[in-house]
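Chemist: Below is the file input.pdb, with PDB, C-alpha atoms.
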```pdb
ATOM      1  CA  MET A   1     -32.325 -68.620  -4.881
ATOM      2  CA  ARG A   2     -30.352 -66.637  -7.387
ATOM      3  CA  LYS A   3     -32.474 -64.359  -9.345
ATOM      4  CA  SER A   4     -30.450 -62.742 -12.161
ATOM      5  CA  SER A   5     -26.984 -62.392 -13.665
ATOM      6  CA  THR A   6     -24.463 -60.328 -11.648
ATOM      7  CA  THR A   7     -19.427 -59.574 -10.294
ATOM      8  CA  CYS A   8     -17.763 -60.138  -7.103
ATOM      9  CA  ARG A   9     -17.045 -56.702  -5.781
ATOM     10  CA  PHE A  10     -14.136 -57.639  -3.644
ATOM     11  CA  ALA A  11     -12.319 -60.110  -5.898
ATOM     12  CA  LEU A  12     -12.700 -58.169  -9.119
ATOM     13  CA  LEU A  13     -11.820 -54.816  -7.521
ATOM     14  CA  LEU A  14      -8.524 -56.199  -6.266
ATOM     15  CA  PHE A  15      -7.907 -57.855  -9.611
ATOM     16  CA  LEU A  16      -8.357 -54.572 -11.493
ATOM     17  CA  LEU A  17      -6.758 -52.127  -9.080
ATOM     18  CA  SER A  18      -3.831 -53.983  -7.482
ATOM     19  CA  PRO A  19      -1.263 -54.972 -10.151
ATOM     20  CA  PRO A  20       1.225 -56.619  -7.725
ATOM     21  CA  LEU A  21      -1.498 -59.036  -6.600
ATOM     22  CA  ARG A  22      -2.946 -59.904  -9.989
ATOM     23  CA  ALA A  23      -1.182 -63.224 -10.181
ATOM     24  CA  GLN A  24      -2.866 -64.241  -6.908
ATOM     25  CA  GLN A  25      -6.410 -63.288  -7.963
ATOM     26  CA  PRO A  26      -8.709 -65.301 -10.251
ATOM     27  CA  ALA A  27      -8.939 -64.005 -13.792
ATOM     28  CA  ALA A  28     -12.264 -62.373 -14.597
ATOM     29  CA  ALA A  29     -12.996 -65.194 -17.029
ATOM     30  CA  SER A  30     -12.710 -67.703 -14.164
ATOM     31  CA  LEU A  31     -15.278 -65.952 -11.994
ATOM     32  CA  PRO A  32     -18.810 -67.399 -11.938
ATOM     33  CA  GLU A  33     -20.909 -65.693 -14.578
ATOM     34  CA  TRP A  34     -23.449 -64.369 -12.045
ATOM     35  CA  CYS A  35     -20.823 -62.306 -10.208
ATOM     36  CA  ARG A  36     -19.108 -60.663 -13.173
ATOM     37  CA  SER A  37     -21.298 -57.573 -13.236
ATOM     38  CA  LEU A  38     -21.213 -56.703  -9.537
ATOM     39  CA  PRO A  39     -21.448 -54.198  -7.973
ATOM     40  CA  ARG A  40     -25.004 -53.547  -9.062
ATOM     41  CA  PRO A  41     -25.348 -49.850  -9.957
ATOM     42  CA  GLU A  42     -28.389 -49.335  -7.712
ATOM     43  CA  TYR A  43     -26.158 -49.522  -4.630
ATOM     44  CA  GLN A  44     -24.240 -46.388  -5.604
ATOM     45  CA  SER A  45     -27.088 -44.185  -4.383
ATOM     46  CA  LEU A  46     -27.264 -45.835  -0.943
ATOM     47  CA  ASP A  47     -25.220 -45.017   2.165
ATOM     48  CA  ARG A  48     -23.016 -47.936   3.147
ATOM     49  CA  ILE A  49     -22.439 -48.769   6.828
ATOM     50  CA  LEU A  50     -19.369 -50.642   8.171
ATOM     51  CA  PRO A  51     -17.596 -50.725   4.796
ATOM     52  CA  ASN A  52     -14.838 -53.051   6.030
ATOM     53  CA  GLU A  53     -17.245 -55.873   6.926
ATOM     54  CA  PRO A  54     -15.853 -58.819   4.888
ATOM     55  CA  TRP A  55     -18.962 -60.910   4.117
ATOM     56  CA  PHE A  56     -21.996 -58.661   4.479
ATOM     57  CA  GLU A  57     -22.612 -55.262   2.944
ATOM     58  CA  ILE A  58     -24.879 -53.004   4.995
ATOM     59  CA  TYR A  59     -26.827 -50.094   3.512
ATOM     60  CA  LYS A  60     -29.153 -47.500   5.001
ATOM     61  CA  VAL A  61     -32.383 -47.672   2.973
ATOM     62  CA  ALA A  62     -34.662 -45.545   5.197
ATOM     63  CA  PRO A  63     -34.421 -43.951   8.671
ATOM     64  CA  ASN A  64     -33.554 -46.647  11.243
ATOM     65  CA  THR A  65     -33.734 -49.274   8.484
ATOM     66  CA  LEU A  66     -30.719 -51.217   7.210
ATOM     67  CA  ALA A  67     -30.389 -53.692   4.352
ATOM     68  CA  ILE A  68     -27.922 -56.515   5.070
ATOM     69  CA  TYR A  69     -26.748 -57.866   1.711
ATOM     70  CA  GLU A  70     -24.722 -61.032   0.944
ATOM     71  CA  PRO A  71     -23.075 -60.356  -2.440
ATOM     72  CA  HIS A  72     -20.535 -63.169  -2.245
ATOM     73  CA  GLN A  73     -23.099 -65.952  -2.681
ATOM     74  CA  SER A  74     -25.238 -66.399  -5.775
ATOM     75  CA  GLU A  75     -28.544 -65.851  -3.997
ATOM     76  CA  GLU A  76     -27.554 -62.231  -3.221
ATOM     77  CA  THR A  77     -29.843 -62.487  -0.213
ATOM     78  CA  ILE A  78     -30.932 -59.332   1.636
ATOM     79  CA  ALA A  79     -32.120 -59.218   5.255
ATOM     80  CA  TYR A  80     -33.440 -56.066   6.940
ATOM     81  CA  LEU A  81     -32.807 -54.624  10.385
ATOM     82  CA  ILE A  82     -35.856 -52.501  11.288
ATOM     83  CA  MET A  83     -35.309 -50.477  14.459
ATOM     84  CA  GLY A  84     -37.638 -48.722  16.873
ATOM     85  CA  THR A  85     -36.882 -47.026  20.183
ATOM     86  CA  LYS A  86     -37.481 -50.176  22.275
ATOM     87  CA  GLN A  87     -36.657 -53.143  20.073
ATOM     88  CA  ALA A  88     -35.769 -54.174  16.527
ATOM     89  CA  VAL A  89     -36.985 -56.720  14.011
ATOM     90  CA  LEU A  90     -34.510 -58.616  11.893
ATOM     91  CA  PHE A  91     -36.519 -59.600   8.832
ATOM     92  CA  ASP A  92     -34.691 -62.774   7.722
ATOM     93  CA  THR A  93     -31.305 -64.009   8.889
ATOM     94  CA  GLY A  94     -29.649 -64.850   5.578
ATOM     95  CA  MET A  95     -27.557 -67.816   4.536
ATOM     96  CA  GLY A  96     -25.915 -68.669   7.843
ATOM     97  CA  ILE A  97     -22.502 -68.608   6.151
ATOM     98  CA  ALA A  98     -21.285 -65.692   8.292
ATOM     99  CA  ASN A  99     -22.317 -64.666  11.799
ATOM    100  CA  ILE A 100     -25.282 -62.320  11.397
ATOM    101  CA  HIS A 101     -25.879 -62.234  15.159
ATOM    102  CA  ALA A 102     -22.449 -60.717  15.742
ATOM    103  CA  LEU A 103     -23.149 -58.189  13.008
ATOM    104  CA  VAL A 104     -26.570 -56.959  14.130
ATOM    105  CA  THR A 105     -25.503 -56.613  17.749
ATOM    106  CA  ARG A 106     -22.887 -54.159  16.453
ATOM    107  CA  LEU A 107     -25.605 -52.279  14.569
ATOM    108  CA  THR A 108     -28.106 -51.952  17.427
ATOM    109  CA  SER A 109     -28.190 -52.367  21.207
ATOM    110  CA  ARG A 110     -31.947 -52.946  21.203
ATOM    111  CA  PRO A 111     -33.445 -56.419  21.798
ATOM    112  CA  ILE A 112     -33.937 -58.215  18.475
ATOM    113  CA  VAL A 113     -36.953 -60.232  17.324
ATOM    114  CA  ILE A 114     -36.642 -62.440  14.239
ATOM    115  CA  LEU A 115     -39.354 -62.574  11.602
ATOM    116  CA  ASN A 116     -38.829 -64.548   8.397
ATOM    117  CA  SER A 117     -40.261 -63.598   5.040
ATOM    118  CA  HIS A 118     -40.546 -67.374   4.561
ATOM    119  CA  THR A 119     -38.531 -70.359   5.681
ATOM    120  CA  HIS A 120     -36.433 -71.367   2.685
ATOM    121  CA  ASN A 121     -32.888 -72.052   3.810
ATOM    122  CA  ASP A 122     -31.375 -68.844   2.414
ATOM    123  CA  HIS A 123     -33.570 -66.745   4.726
ATOM    124  CA  ILE A 124     -33.287 -68.658   8.019
ATOM    125  CA  GLY A 125     -29.581 -69.498   8.217
ATOM    126  CA  GLY A 126     -28.990 -67.428  11.352
ATOM    127  CA  ASN A 127     -32.286 -68.115  13.142
ATOM    128  CA  TRP A 128     -30.674 -70.556  15.576
ATOM    129  CA  GLN A 129     -28.541 -67.740  17.032
ATOM    130  CA  PHE A 130     -31.513 -65.750  18.368
ATOM    131  CA  PRO A 131     -33.797 -66.498  21.342
ATOM    132  CA  PHE A 132     -36.892 -64.745  19.961
ATOM    133  CA  VAL A 133     -38.143 -66.010  16.607
ATOM    134  CA  PHE A 134     -41.736 -65.328  15.580
ATOM    135  CA  GLY A 135     -42.958 -67.865  13.033
ATOM    136  CA  MET A 136     -46.070 -68.385  10.950
ATOM    137  CA  ASP A 137     -48.234 -71.183  12.304
ATOM    138  CA  THR A 138     -47.989 -73.533   9.294
ATOM    139  CA  PRO A 139     -46.790 -77.103   8.761
ATOM    140  CA  PHE A 140     -44.200 -75.798   6.298
ATOM    141  CA  THR A 141     -42.710 -73.525   8.966
ATOM    142  CA  ARG A 142     -42.649 -76.279  11.543
ATOM    143  CA  ALA A 143     -40.865 -78.610   9.114
ATOM    144  CA  SER A 144     -38.291 -75.906   8.377
ATOM    145  CA  THR A 145     -37.385 -75.529  12.068
ATOM    146  CA  LYS A 146     -35.711 -78.940  11.946
ATOM    147  CA  GLY A 147     -32.857 -77.686   9.782
ATOM    148  CA  GLU A 148     -31.546 -79.162   6.558
ATOM    149  CA  ARG A 149     -28.211 -80.025   4.937
ATOM    150  CA  ASP A 150     -28.671 -80.752   1.224
ATOM    151  CA  ASP A 151     -30.031 -77.339   0.192
ATOM    152  CA  ALA A 152     -27.348 -75.611   2.259
ATOM    153  CA  GLN A 153     -24.568 -77.638   0.660
ATOM    154  CA  ALA A 154     -25.931 -76.767  -2.784
ATOM    155  CA  GLU A 155     -25.479 -73.082  -1.908
ATOM    156  CA  ILE A 156     -21.700 -73.471  -1.610
ATOM    157  CA  ALA A 157     -21.216 -75.830  -4.564
ATOM    158  CA  PRO A 158     -18.668 -74.772  -7.204
ATOM    159  CA  GLY A 159     -19.767 -71.565  -8.893
ATOM    160  CA  GLN A 160     -22.150 -70.539  -6.104
ATOM    161  CA  THR A 161     -19.746 -68.322  -4.163
ATOM    162  CA  CYS A 162     -17.507 -65.475  -5.285
ATOM    163  CA  GLY A 163     -14.464 -64.467  -3.293
ATOM    164  CA  ASP A 164     -13.330 -65.918  -0.005
ATOM    165  CA  LEU A 165     -15.674 -67.610   2.440
ATOM    166  CA  PRO A 166     -15.481 -66.298   6.024
ATOM    167  CA  LYS A 167     -12.578 -67.336   8.195
ATOM    168  CA  ASN A 168     -13.286 -70.476  10.253
ATOM    169  CA  PHE A 169     -16.234 -71.410   7.986
ATOM    170  CA  ASP A 170     -16.483 -75.220   7.832
ATOM    171  CA  ALA A 171     -17.828 -76.027   4.375
ATOM    172  CA  LYS A 172     -18.184 -79.747   5.069
ATOM    173  CA  ALA A 173     -20.328 -79.120   8.155
ATOM    174  CA  TYR A 174     -22.430 -76.355   6.600
ATOM    175  CA  ALA A 175     -26.151 -76.913   7.108
ATOM    176  CA  THR A 176     -29.222 -74.937   8.145
ATOM    177  CA  LYS A 177     -29.261 -75.507  11.899
ATOM    178  CA  PRO A 178     -32.453 -76.309  13.833
ATOM    179  CA  TRP A 179     -34.217 -73.370  15.437
ATOM    180  CA  HIS A 180     -37.238 -72.728  17.607
ATOM    181  CA  VAL A 181     -40.407 -70.653  17.110
ATOM    182  CA  SER A 182     -40.932 -68.580  20.256
ATOM    183  CA  ILE A 183     -44.357 -67.213  19.309
ATOM    184  CA  PRO A 184     -46.618 -68.378  16.461
ATOM    185  CA  VAL A 185     -47.887 -65.421  14.424
ATOM    186  CA  HIS A 186     -50.520 -64.833  11.770
ATOM    187  CA  ASP A 187     -51.855 -62.403   9.167
ATOM    188  CA  GLY A 188     -52.374 -58.983  10.746
ATOM    189  CA  PHE A 189     -50.039 -59.636  13.714
ATOM    190  CA  LYS A 190     -48.328 -56.402  14.781
ATOM    191  CA  VAL A 191     -44.986 -55.879  16.487
ATOM    192  CA  ASN A 192     -44.552 -52.632  18.445
ATOM    193  CA  LEU A 193     -40.914 -51.596  18.166
ATOM    194  CA  GLY A 194     -41.335 -48.376  20.150
ATOM    195  CA  GLY A 195     -42.454 -45.412  18.082
ATOM    196  CA  ARG A 196     -42.794 -47.744  15.135
ATOM    197  CA  THR A 197     -45.056 -50.694  14.344
ATOM    198  CA  VAL A 198     -44.674 -53.392  11.707
ATOM    199  CA  GLU A 199     -47.548 -55.595  10.576
ATOM    200  CA  ILE A 200     -47.518 -59.060   9.037
ATOM    201  CA  ILE A 201     -49.264 -59.369   5.675
ATOM    202  CA  ALA A 202     -49.704 -63.047   4.849
ATOM    203  CA  THR A 203     -48.720 -63.610   1.197
ATOM    204  CA  PRO A 204     -48.703 -67.370   0.579
ATOM    205  CA  GLY A 205     -47.706 -68.608  -2.840
ATOM    206  CA  HIS A 206     -43.924 -68.731  -3.092
ATOM    207  CA  THR A 207     -44.221 -70.854   0.055
ATOM    208  CA  PRO A 208     -47.216 -71.528   2.321
ATOM    209  CA  ASP A 209     -45.656 -69.354   5.055
ATOM    210  CA  SER A 210     -44.596 -66.376   2.935
ATOM    211  CA  ILE A 211     -45.261 -62.961   4.434
ATOM    212  CA  CYS A 212     -44.618 -59.321   3.680
ATOM    213  CA  LEU A 213     -43.921 -56.861   6.477
ATOM    214  CA  LEU A 214     -45.694 -53.500   6.396
ATOM    215  CA  ASP A 215     -44.439 -50.369   8.127
ATOM    216  CA  ARG A 216     -47.611 -48.433   7.431
ATOM    217  CA  ASP A 217     -46.627 -45.118   9.021
ATOM    218  CA  ASN A 218     -43.378 -44.900   7.059
ATOM    219  CA  GLY A 219     -44.743 -46.307   3.797
ATOM    220  CA  LEU A 220     -42.386 -49.289   3.673
ATOM    221  CA  LEU A 221     -43.302 -52.768   2.451
ATOM    222  CA  PHE A 222     -40.741 -55.556   2.888
ATOM    223  CA  THR A 223     -41.722 -58.190   0.319
ATOM    224  CA  GLY A 224     -39.403 -61.152   0.876
ATOM    225  CA  ASP A 225     -39.528 -63.416  -2.187
ATOM    226  CA  THR A 226     -43.021 -62.319  -3.177
ATOM    227  CA  TYR A 227     -41.258 -59.571  -5.125
ATOM    228  CA  TYR A 228     -37.611 -58.743  -5.828
ATOM    229  CA  PRO A 229     -35.863 -57.426  -8.953
ATOM    230  CA  GLY A 230     -34.858 -60.433 -11.036
ATOM    231  CA  THR A 231     -36.328 -63.747 -12.069
ATOM    232  CA  ILE A 232     -38.844 -64.748  -9.383
ATOM    233  CA  TRP A 233     -38.669 -68.431  -8.450
ATOM    234  CA  LEU A 234     -42.053 -70.164  -8.466
ATOM    235  CA  TYR A 235     -41.214 -73.730  -9.400
ATOM    236  CA  ARG A 236     -40.691 -75.630  -6.162
ATOM    237  CA  PRO A 237     -43.238 -78.207  -4.929
ATOM    238  CA  GLU A 238     -44.408 -75.923  -2.101
ATOM    239  CA  THR A 239     -45.268 -73.096  -4.515
ATOM    240  CA  ASP A 240     -48.947 -72.405  -5.260
ATOM    241  CA  LEU A 241     -49.349 -70.126  -8.296
ATOM    242  CA  ASP A 242     -53.003 -69.322  -7.657
ATOM    243  CA  ALA A 243     -52.192 -68.316  -4.076
ATOM    244  CA  TYR A 244     -49.245 -66.283  -5.354
ATOM    245  CA  LEU A 245     -51.449 -64.364  -7.775
ATOM    246  CA  ALA A 246     -53.932 -63.569  -4.980
ATOM    247  CA  SER A 247     -51.094 -62.420  -2.708
ATOM    248  CA  VAL A 248     -49.575 -60.150  -5.347
ATOM    249  CA  LYS A 249     -52.971 -58.524  -5.947
ATOM    250  CA  LYS A 250     -53.248 -58.040  -2.181
ATOM    251  CA  ILE A 251     -49.973 -56.113  -1.901
ATOM    252  CA  ALA A 252     -50.563 -54.247  -5.182
ATOM    253  CA  ALA A 253     -53.617 -52.689  -3.520
ATOM    254  CA  LEU A 254     -51.246 -51.151  -0.935
ATOM    255  CA  ALA A 255     -49.136 -49.364  -3.548
ATOM    256  CA  PRO A 256     -50.833 -45.927  -3.327
ATOM    257  CA  ASP A 257     -49.886 -45.669   0.348
ATOM    258  CA  LEU A 258     -46.268 -46.837  -0.016
ATOM    259  CA  LYS A 259     -42.991 -44.983  -0.456
ATOM    260  CA  LEU A 260     -40.659 -47.934  -0.970
ATOM    261  CA  VAL A 261     -40.793 -51.647  -1.729
ATOM    262  CA  LEU A 262     -37.918 -53.664  -0.279
ATOM    263  CA  GLY A 263     -37.289 -57.152  -1.663
ATOM    264  CA  ALA A 264     -35.127 -59.998  -0.402
ATOM    265  CA  HIS A 265     -32.656 -60.472  -3.270
ATOM    266  CA  ASN A 266     -30.345 -58.546  -5.565
ATOM    267  CA  VAL A 267     -31.371 -54.903  -4.959
ATOM    268  CA  PRO A 268     -33.096 -53.612  -1.802
ATOM    269  CA  VAL A 269     -35.148 -50.683  -3.076
ATOM    270  CA  ALA A 270     -37.916 -50.468  -5.689
ATOM    271  CA  GLN A 271     -40.757 -48.054  -6.349
ATOM    272  CA  PRO A 272     -44.317 -49.020  -5.285
ATOM    273  CA  SER A 273     -45.527 -48.744  -8.886
ATOM    274  CA  VAL A 274     -43.813 -52.068  -9.552
ATOM    275  CA  LEU A 275     -46.492 -53.953  -7.580
ATOM    276  CA  PRO A 276     -49.525 -53.369  -9.856
ATOM    277  CA  LYS A 277     -47.269 -54.167 -12.825
ATOM    278  CA  LEU A 278     -46.210 -57.411 -11.137
ATOM    279  CA  ALA A 279     -49.875 -58.326 -10.569
ATOM    280  CA  SER A 280     -50.665 -57.784 -14.257
ATOM    281  CA  ALA A 281     -47.611 -59.808 -15.304
ATOM    282  CA  ILE A 282     -48.347 -62.867 -13.158
ATOM    283  CA  GLU A 283     -51.994 -62.713 -14.197
ATOM    284  CA  ALA A 284     -50.832 -62.827 -17.838
ATOM    285  CA  VAL A 285     -48.574 -65.764 -17.012
ATOM    286  CA  ARG A 286     -51.493 -67.656 -15.458
ATOM    287  CA  ALA A 287     -53.368 -67.013 -18.711
ATOM    288  CA  GLY A 288     -50.548 -68.623 -20.701
ATOM    289  CA  GLN A 289     -49.129 -65.395 -22.113
ATOM    290  CA  GLY A 290     -45.498 -64.335 -22.474
ATOM    291  CA  THR A 291     -42.382 -65.863 -23.964
ATOM    292  CA  VAL A 292     -41.038 -69.175 -22.681
ATOM    293  CA  LYS A 293     -37.420 -70.290 -22.411
ATOM    294  CA  PRO A 294     -36.273 -73.696 -21.076
ATOM    295  CA  ALA A 295     -34.279 -73.370 -17.842
ATOM    296  CA  GLY A 296     -33.006 -76.823 -16.980
ATOM    297  CA  GLU A 297     -34.751 -80.083 -16.289
ATOM    298  CA  GLY A 298     -38.440 -79.570 -15.530
ATOM    299  CA  LYS A 299     -38.187 -75.758 -15.426
ATOM    300  CA  ALA A 300     -38.855 -72.834 -17.734
ATOM    301  CA  ILE A 301     -38.644 -69.053 -17.542
ATOM    302  CA  ARG A 302     -41.727 -67.196 -18.700
ATOM    303  CA  THR A 303     -41.284 -63.481 -19.385
ATOM    304  CA  VAL A 304     -44.056 -60.885 -19.563
ATOM    305  CA  ASP A 305     -43.665 -57.078 -19.730
ATOM    306  CA  GLY A 306     -40.177 -57.091 -18.261
ATOM    307  CA  PHE A 307     -40.966 -59.528 -15.427
ATOM    308  CA  SER A 308     -39.640 -63.073 -15.498
ATOM    309  CA  PHE A 309     -40.741 -66.103 -13.503
ATOM    310  CA  LEU A 310     -38.990 -69.451 -13.094
ATOM    311  CA  LEU A 311     -41.794 -72.011 -13.273
ATOM    312  CA  ARG A 312     -42.284 -75.730 -13.457
ATOM    313  CA  ALA A 313     -42.271 -76.666 -17.123
ATOM    314  CA  THR A 314     -45.642 -77.726 -18.480
ATOM    315  CA  PRO A 315     -45.747 -81.067 -20.345
TER     316      PRO A 315
END
```
Can the structure from this file be put into structure tokens for me?
Modeler:
Amino acid sequence: MRKSSTTCRFALLLFLLSPPLRAQQPAAASLPEWCRSLPRPEYQSLDRILPNEPWFEIYKVAPNTLAIYEPHQSEETIAYLIMGTKQAVLFDTGMGIANIHALVTRLTSRPIVILNSHTHNDHIGGNWQFPFVFGMDTPFTRASTKGERDDAQAEIAPGQTCGDLPKNFDAKAYATKPWHVSIPVHDGFKVNLGGRTVEIIATPGHTPDSICLLDRDNGLLFTGDTYYPGTIWLYRPETDLDAYLASVKKIAALAPDLKLVLGAHNVPVAQPSVLPKLASAIEAVRAGQGTVKPAGEGKAIRTVDGFSFLLRATP
């Protein structure tokens, strides 16, 4: 789910800096519009890990906490590797276009547990590669474990990728593969990582199984698609706007005790003060306030106080 306009780092950098290769690179005008402004400036202040990794970009966002970013696909999805002394949580597994299992086993030797912020295809693409996946006990989650092809194929349609796809990637066969929930989990469930504990905060709304992940001792809140910088998608059939409003108010109440908010798209780090502002904005939207702009068949973007939401269009 792409959330705002953005330029392919790799393709455009070569285009600008390597004159002998210019004839082999796409002209800037031929790049998809969303990737023309990459890299996003917020990444300049973050330490990058494994800079030669071709598909993912990995950034240190807090001690023992890495953001795994996919800038070459329009969703700009971000997963998080959260490490303790005994085990690690991988919060989302991305698109499944490149091998995230091979990547994270280079980043940590600890056993890895998967938790998903929710089970839309762009967050569960690598789930099938891991033996331990904790999943919310909802019908929506169980349906998502079966895998799906159409949404995955839409993610690699013309204009949805920027730069080369990974070597040996089979575009025709690309689908979200089936995966298995090892342990059903629920609101308040805690995972002891060894010297560090993360807690599930149920935040239904975007989907019925949406969660945030709270590292209370370190003041970190991983928000999935409940919050990220950019237009927040709230138009799909599984979205419940009333539940979303209640969930945003729930995490806004945590803001005084937080140091960082870490969303699942575009940019990994935001200040906790954004959460009360988000709650006020979505409350205004539910009251019919803000400016409205059509956004394709059956959809509209409503903007309030700098926040924008992609909603189902009202008749």
Chemist: At most 9 Å is the cut-off: for each residue in segment 128-161 of chain A with any atom that close to an atom of segment 51-75 of chain A, write down the nearest atom pair and the distance in Å rounded to one decimal, counting only C-alpha atoms, chain first then increasing number, as a Markdown table.
Modeler:
```
| residue | atom | partner | partner_atom | distance |
| --- | --- | --- | --- | --- |
| A:Glu155 | CA | A:Gln73 | CA | 7.6 |
| A:Ile156 | CA | A:Gln73 | CA | 7.7 |
| A:Gly159 | CA | A:Ser74 | CA | 8.1 |
| A:Gln160 | CA | A:Ser74 | CA | 5.2 |
| A:Thr161 | CA | A:Gln73 | CA | 4.4 |
```
Chemist: Set the distance at 9 Å and use all atoms listed in the file: which residues neighbour Asp92 of chain A once local chain neighbours fewer than 2 positions away are removed? I'd like the list as a ChimeraX atom specification.
Modeler: /A:78-81,90,94,114-119,122-127,224,264
Chemist: Compile the contact shell of Tyr174 of chain A as an NGL selection string: residues with an atom at most 7 Å away, counting all atoms listed in the file, same-chain residues fewer than 4 positions apart removed.
Modeler: :A and (152-153 or 170)
Chemist: Starting from the displayed file, determine the output of the PyMOL selection byres ((chain A and resi 135) around 7) and express the residue list as a list of chain:residue names.
Modeler: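 For this structure, the PyMOL selection byres ((chain A and resi 135) around 7) captures A:Leu115, A:Val133, A:Phe134, A:Met136, A:Asp137, A:Thr141, A:Val181, A:Ile183, A:Pro184, A:Val185.
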Chemist: Could you jot down the atom CA of Pro139 of chain A to atom CA of Asn121 of chain A separation for me, Å, one decimal place?
Modeler: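 Between atom CA of Pro139 of chain A and atom CA of Asn121 of chain A the gap is 15.6 Å.
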Chemist: Please indicate the distance in Å from atom CA of His180 of chain A to atom CA of Thr145 of chain A, rounded to one decimal place.
Modeler: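 That distance, rounded to one decimal, is 6.2 Å.
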Chemist: In the coordinates of the file, take the point (-33.7, -58.6, -6.7) and a cut-off of 8 Å; then, counting all atoms listed in the file, name each qualifying protein, DNA or RNA residue as a list of chain:residue names.
Modeler: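 I get A:Lys3, A:Ser4, A:Glu76, A:Tyr227, A:Tyr228, A:Pro229, A:Gly230, A:Thr231, A:Gly263, A:Ala264, A:His265, A:Asn266, A:Val267, A:Pro268 for the residues within 8 Å of that point.
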Chemist: Quick one: residues within 7 Å of (-44.5, -77.1, -10.6) (file frame), counting only C-alpha atoms, please, as a PyMOL selection string.
Modeler: chain A and resi 235-237+311-313
Chemist: Give the centre and edge lengths of an axis-aligned box, in Å to one decimal, that holds all listed atoms of segment 110-127 of chain A with 5 Å on each side, as lines of an AutoDock Vina configuration file.
Modeler:
```
center_x = -34.8
center_y = -62.5
center_z = 12.1
size_x = 21.6
size_y = 29.1
size_z = 29.4
```
Chemist: Restricting the calculation to all atoms listed in the file, which member of A:Ala98, A:Arg106, A:Ser37, A:Gln271 is positioned closest to Asp164 of chain A?
Modeler: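 Of A:Ala98, A:Arg106, A:Ser37, A:Gln271, the one nearest Asp164 of chain A, counting all atoms listed in the file, is A:Ala98.
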Chemist: Near segment 273-280 of chain A, counting only C-alpha atoms, which residues have an atom at most 12 Å away, once you skip same-chain residues fewer than 4 positions from it, shown as an MDAnalysis selection string?
Modeler: chainID A and resid 221 223 226:232 242 244:263 269 284:287 289:290 303:309
Chemist: When the PyMOL selection byres ((chain A and resi 128) around 7) is applied to the structure above, which residues does it catch, written out as a PyMOL selection string?
Modeler: chain A and resi 126-127+129-130+177-179
